[in-house]
Amino acid sequence: MTALIKLALTGVLVAGTALAAMPAFAADYTIVIDKMKFGPVPAELHAGDTVIWQNNDIFRHSATARDKSFDVDLPAGTEVRMVVGAVGSLDFFCKFHPGMTGTLVIAP
Amino acid sequence: MIRTTVLAALLAFGMAGVGAAADAPTDPQIAHIAYTAGQIDVVAAEQAIKKSTNADIIAFATLMAADHKAVNDQALALVTKLGVTPEDNPTSQALSQAAADKLAELDKLDGAAFDKAYIANEVAYHATVNGALSSVLIPSAQNAEFKELLKTGLTLFTEHQHHAEMVAAKFQ
């Protein structure tokens with residue numbers, strides 16, 4: 001193995017180790033609201049990620065946690081970003097149309 | 001009262017039973033009925049906001065005014081896009097007459113008596129309109145985009161009916 005290849009491999013190893021040691025990047029996930037329904041929620045949501053509530057409906061909605069930990073007002077045609085903090089399962093609903101419901105499952 | 005009148009008007013269309021497809025309302029007629037039904041609830045809401053001092057009633061009425069106006073604005077935009085002119089018909093006329101009668105009846109009431117009567121009528125009215133939407137208006141609609149809007153309307157109005165039932169329970 002030439003010295004050059006050894007050097008390159010060492011470089012890759014060092015970079016890989018550094019990446020593994022870094023915390024995971026926070027991700028953005030969009031939950032679309034349309035036709036009086038919350039769309040699919042992200043399957044893998046972690047504390048620090050951002051949920052973008054996007055109201056494509058013609059009505060004012062809200063994304064309101066049952067435990068009152070968040071209450072996002074969503075006038076028609078707007079979107080609001082929300083960083084998730086608490087770990088656990090959070091049931092939410094629209095306070096204007098309580099039949100609209102969903103659950104965020106947030107992992108550490 | 002409203003329920004009876006509207007059902008009678010729908011029967012006049014010949015849409016009550018199986019095999020009545022030939023007499024089903026047209027899209028321009030359905031558009032007129034749906035718009036009229038929405039507008040009636042906006043006017044009822046405005047009356048409630050003006051007369052009531054109950055927070056639950058005012059919140060409910062405010063929501064009714066906003067939601068029904070949003071649907072009607074969307075319906076107007078859609079019929080304009082489709083080049084459809086809403087067509088007056090016996091069902092729309094029956095709805096308007098019954099609503100005018102109910103508005104006058106409620107206007108004579110005040111305080112808790114008004115609140116109780118208003119919310120009871122909202123429950124009955126939404127039940128009647130939802131019944132008409134699901135059994136006659138949506139199945140009769142021909143344009144796919146228009147049918148989709150009516151379905152969204154039905155989902156919304158069903159929510160309103162449940163909401164009204166919850167508020168009405170507080171006045172029993």
# chains A, B, ... in the order shown; residues from 1 in each chain; ligands from 1
>>> closest_atom_pairs(of="chain A", to="chain B", cutoff="6 Å", atoms="only C-alpha atoms", output="CSV")
residue,atom,partner,partner_atom,distance
A:Lys35,CA,B:Thr152,CA,5.6
A:Phe59,CA,B:Asp67,CA,5.9
A:His97,CA,B:Glu159,CA,6.0
>>> residues_around(residues="region 34-42 of chain B", least_positions_apart="2", cutoff="10 Å", atoms="only C-alpha atoms", output="PyMOL selection string")
chain B and resi 29-32+44-48+61-73+75-76+86+88+91-93+95-96+98-100+103+122+125-126+129+132-133+137+150+153+157
>>> residues_around(residues="Thr103 (chain A)", least_positions_apart="2", cutoff="8 Å", atoms="only C-alpha atoms", output="list of chain:residue names")
A:Val41, A:Ser89, A:Leu90, A:Asp91, A:Phe92, A:Thr101, A:Val105
>>> closest_residue(among="A:Ile106, A:Val83, A:Ile58, A:Ala63", to="Ala26 (chain A)", atoms="only C-alpha atoms")
A:Val83
>>> residues_around(residues="Phe70 (chain A)", least_positions_apart="6", cutoff="12 Å", atoms="only C-alpha atoms", output="JSON, numbers by chain")
{"A": [51, 62, 63, 64, 81, 82, 83, 84, 85, 86, 90, 91, 92, 93, 94, 95, 104]}
>>> residues_around(residues="Ile119 (chain B)", least_positions_apart="2", cutoff="9 Å", atoms="only C-alpha atoms", output="PyMOL selection string")
chain B and resi 57+60+114-117+121-124+164-165+167-168+171
>>> decode(residues="region 18-101 of chain B", atoms="C-alpha atoms", output="PDB file, in the first residue's frame")
ATOM      1  CA  VAL B  18     -84.416   5.440  -5.978  1.00  0.00           C
ATOM      2  CA  GLY B  19     -84.960   5.919  -9.658  1.00  0.00           C
ATOM      3  CA  ALA B  20     -85.345   9.668  -9.363  1.00  0.00           C
ATOM      4  CA  ALA B  21     -82.105  10.402 -11.179  1.00  0.00           C
ATOM      5  CA  ALA B  22     -83.952  11.948 -14.109  1.00  0.00           C
ATOM      6  CA  ASP B  23     -85.331  14.616 -11.762  1.00  0.00           C
ATOM      7  CA  ALA B  24     -82.122  15.205  -9.864  1.00  0.00           C
ATOM      8  CA  PRO B  25     -81.045  18.830  -9.419  1.00  0.00           C
ATOM      9  CA  THR B  26     -78.536  20.222 -11.872  1.00  0.00           C
ATOM     10  CA  ASP B  27     -75.167  21.642 -10.855  1.00  0.00           C
ATOM     11  CA  PRO B  28     -76.437  25.247 -11.218  1.00  0.00           C
ATOM     12  CA  GLN B  29     -79.374  24.379  -8.919  1.00  0.00           C
ATOM     13  CA  ILE B  30     -77.150  22.565  -6.416  1.00  0.00           C
ATOM     14  CA  ALA B  31     -74.787  25.549  -6.389  1.00  0.00           C
ATOM     15  CA  HIS B  32     -77.719  27.831  -5.588  1.00  0.00           C
ATOM     16  CA  ILE B  33     -79.000  25.548  -2.819  1.00  0.00           C
ATOM     17  CA  ALA B  34     -75.552  25.129  -1.229  1.00  0.00           C
ATOM     18  CA  TYR B  35     -74.787  28.850  -1.378  1.00  0.00           C
ATOM     19  CA  THR B  36     -78.208  29.732   0.041  1.00  0.00           C
ATOM     20  CA  ALA B  37     -77.800  27.228   2.870  1.00  0.00           C
ATOM     21  CA  GLY B  38     -74.413  28.705   3.776  1.00  0.00           C
ATOM     22  CA  GLN B  39     -75.602  32.283   3.586  1.00  0.00           C
ATOM     23  CA  ILE B  40     -78.560  31.476   5.858  1.00  0.00           C
ATOM     24  CA  ASP B  41     -76.195  30.285   8.568  1.00  0.00           C
ATOM     25  CA  VAL B  42     -73.997  33.371   8.179  1.00  0.00           C
ATOM     26  CA  VAL B  43     -77.042  35.610   8.755  1.00  0.00           C
ATOM     27  CA  ALA B  44     -78.155  33.483  11.718  1.00  0.00           C
ATOM     28  CA  ALA B  45     -74.642  33.785  13.163  1.00  0.00           C
ATOM     29  CA  GLU B  46     -74.644  37.555  12.760  1.00  0.00           C
ATOM     30  CA  GLN B  47     -77.943  37.723  14.632  1.00  0.00           C
ATOM     31  CA  ALA B  48     -76.499  35.586  17.448  1.00  0.00           C
ATOM     32  CA  ILE B  49     -73.321  37.677  17.697  1.00  0.00           C
ATOM     33  CA  LYS B  50     -75.486  40.780  17.972  1.00  0.00           C
ATOM     34  CA  LYS B  51     -78.004  39.451  20.488  1.00  0.00           C
ATOM     35  CA  SER B  52     -76.120  37.024  22.701  1.00  0.00           C
ATOM     36  CA  THR B  53     -73.785  37.720  25.588  1.00  0.00           C
ATOM     37  CA  ASN B  54     -72.921  34.064  26.148  1.00  0.00           C
ATOM     38  CA  ALA B  55     -69.246  33.320  25.331  1.00  0.00           C
ATOM     39  CA  ASP B  56     -69.948  29.817  23.972  1.00  0.00           C
ATOM     40  CA  ILE B  57     -72.717  31.068  21.696  1.00  0.00           C
ATOM     41  CA  ILE B  58     -70.648  33.989  20.422  1.00  0.00           C
ATOM     42  CA  ALA B  59     -67.621  31.749  19.766  1.00  0.00           C
ATOM     43  CA  PHE B  60     -69.777  29.215  17.927  1.00  0.00           C
ATOM     44  CA  ALA B  61     -71.546  31.883  15.872  1.00  0.00           C
ATOM     45  CA  THR B  62     -68.236  33.549  14.982  1.00  0.00           C
ATOM     46  CA  LEU B  63     -66.925  30.221  13.705  1.00  0.00           C
ATOM     47  CA  MET B  64     -70.122  29.617  11.706  1.00  0.00           C
ATOM     48  CA  ALA B  65     -69.865  33.021  10.042  1.00  0.00           C
ATOM     49  CA  ALA B  66     -66.192  32.486   9.114  1.00  0.00           C
ATOM     50  CA  ASP B  67     -66.467  28.879   7.912  1.00  0.00           C
ATOM     51  CA  HIS B  68     -69.654  29.272   5.879  1.00  0.00           C
ATOM     52  CA  LYS B  69     -68.348  32.459   4.301  1.00  0.00           C
ATOM     53  CA  ALA B  70     -65.134  30.640   3.348  1.00  0.00           C
ATOM     54  CA  VAL B  71     -67.077  27.817   1.687  1.00  0.00           C
ATOM     55  CA  ASN B  72     -69.347  30.240  -0.132  1.00  0.00           C
ATOM     56  CA  ASP B  73     -66.406  32.329  -1.360  1.00  0.00           C
ATOM     57  CA  GLN B  74     -64.789  29.146  -2.653  1.00  0.00           C
ATOM     58  CA  ALA B  75     -68.053  28.020  -4.260  1.00  0.00           C
ATOM     59  CA  LEU B  76     -68.454  31.384  -5.980  1.00  0.00           C
ATOM     60  CA  ALA B  77     -64.901  31.241  -7.298  1.00  0.00           C
ATOM     61  CA  LEU B  78     -65.466  27.720  -8.567  1.00  0.00           C
ATOM     62  CA  VAL B  79     -68.755  28.401 -10.361  1.00  0.00           C
ATOM     63  CA  THR B  80     -67.169  31.473 -11.946  1.00  0.00           C
ATOM     64  CA  LYS B  81     -64.247  29.354 -13.135  1.00  0.00           C
ATOM     65  CA  LEU B  82     -66.601  26.682 -14.472  1.00  0.00           C
ATOM     66  CA  GLY B  83     -68.847  29.242 -16.125  1.00  0.00           C
ATOM     67  CA  VAL B  84     -71.841  28.012 -14.120  1.00  0.00           C
ATOM     68  CA  THR B  85     -74.609  30.442 -13.166  1.00  0.00           C
ATOM     69  CA  PRO B  86     -76.382  29.361  -9.947  1.00  0.00           C
ATOM     70  CA  GLU B  87     -80.073  28.821 -10.676  1.00  0.00           C
ATOM     71  CA  ASP B  88     -82.846  29.646  -8.226  1.00  0.00           C
ATOM     72  CA  ASN B  89     -85.197  26.752  -7.468  1.00  0.00           C
ATOM     73  CA  PRO B  90     -87.960  25.646  -5.063  1.00  0.00           C
ATOM     74  CA  THR B  91     -85.524  24.172  -2.530  1.00  0.00           C
ATOM     75  CA  SER B  92     -83.542  27.421  -2.270  1.00  0.00           C
ATOM     76  CA  GLN B  93     -86.790  29.350  -1.950  1.00  0.00           C
ATOM     77  CA  ALA B  94     -88.085  27.028   0.778  1.00  0.00           C
ATOM     78  CA  LEU B  95     -84.791  27.324   2.641  1.00  0.00           C
ATOM     79  CA  SER B  96     -84.879  31.129   2.454  1.00  0.00           C
ATOM     80  CA  GLN B  97     -88.490  31.358   3.583  1.00  0.00           C
ATOM     81  CA  ALA B  98     -87.989  28.990   6.515  1.00  0.00           C
ATOM     82  CA  ALA B  99     -84.845  30.869   7.533  1.00  0.00           C
ATOM     83  CA  ALA B 100     -86.623  34.234   7.425  1.00  0.00           C
ATOM     84  CA  ASP B 101     -89.375  32.830   9.641  1.00  0.00           C
TER      85      ASP B 101
END
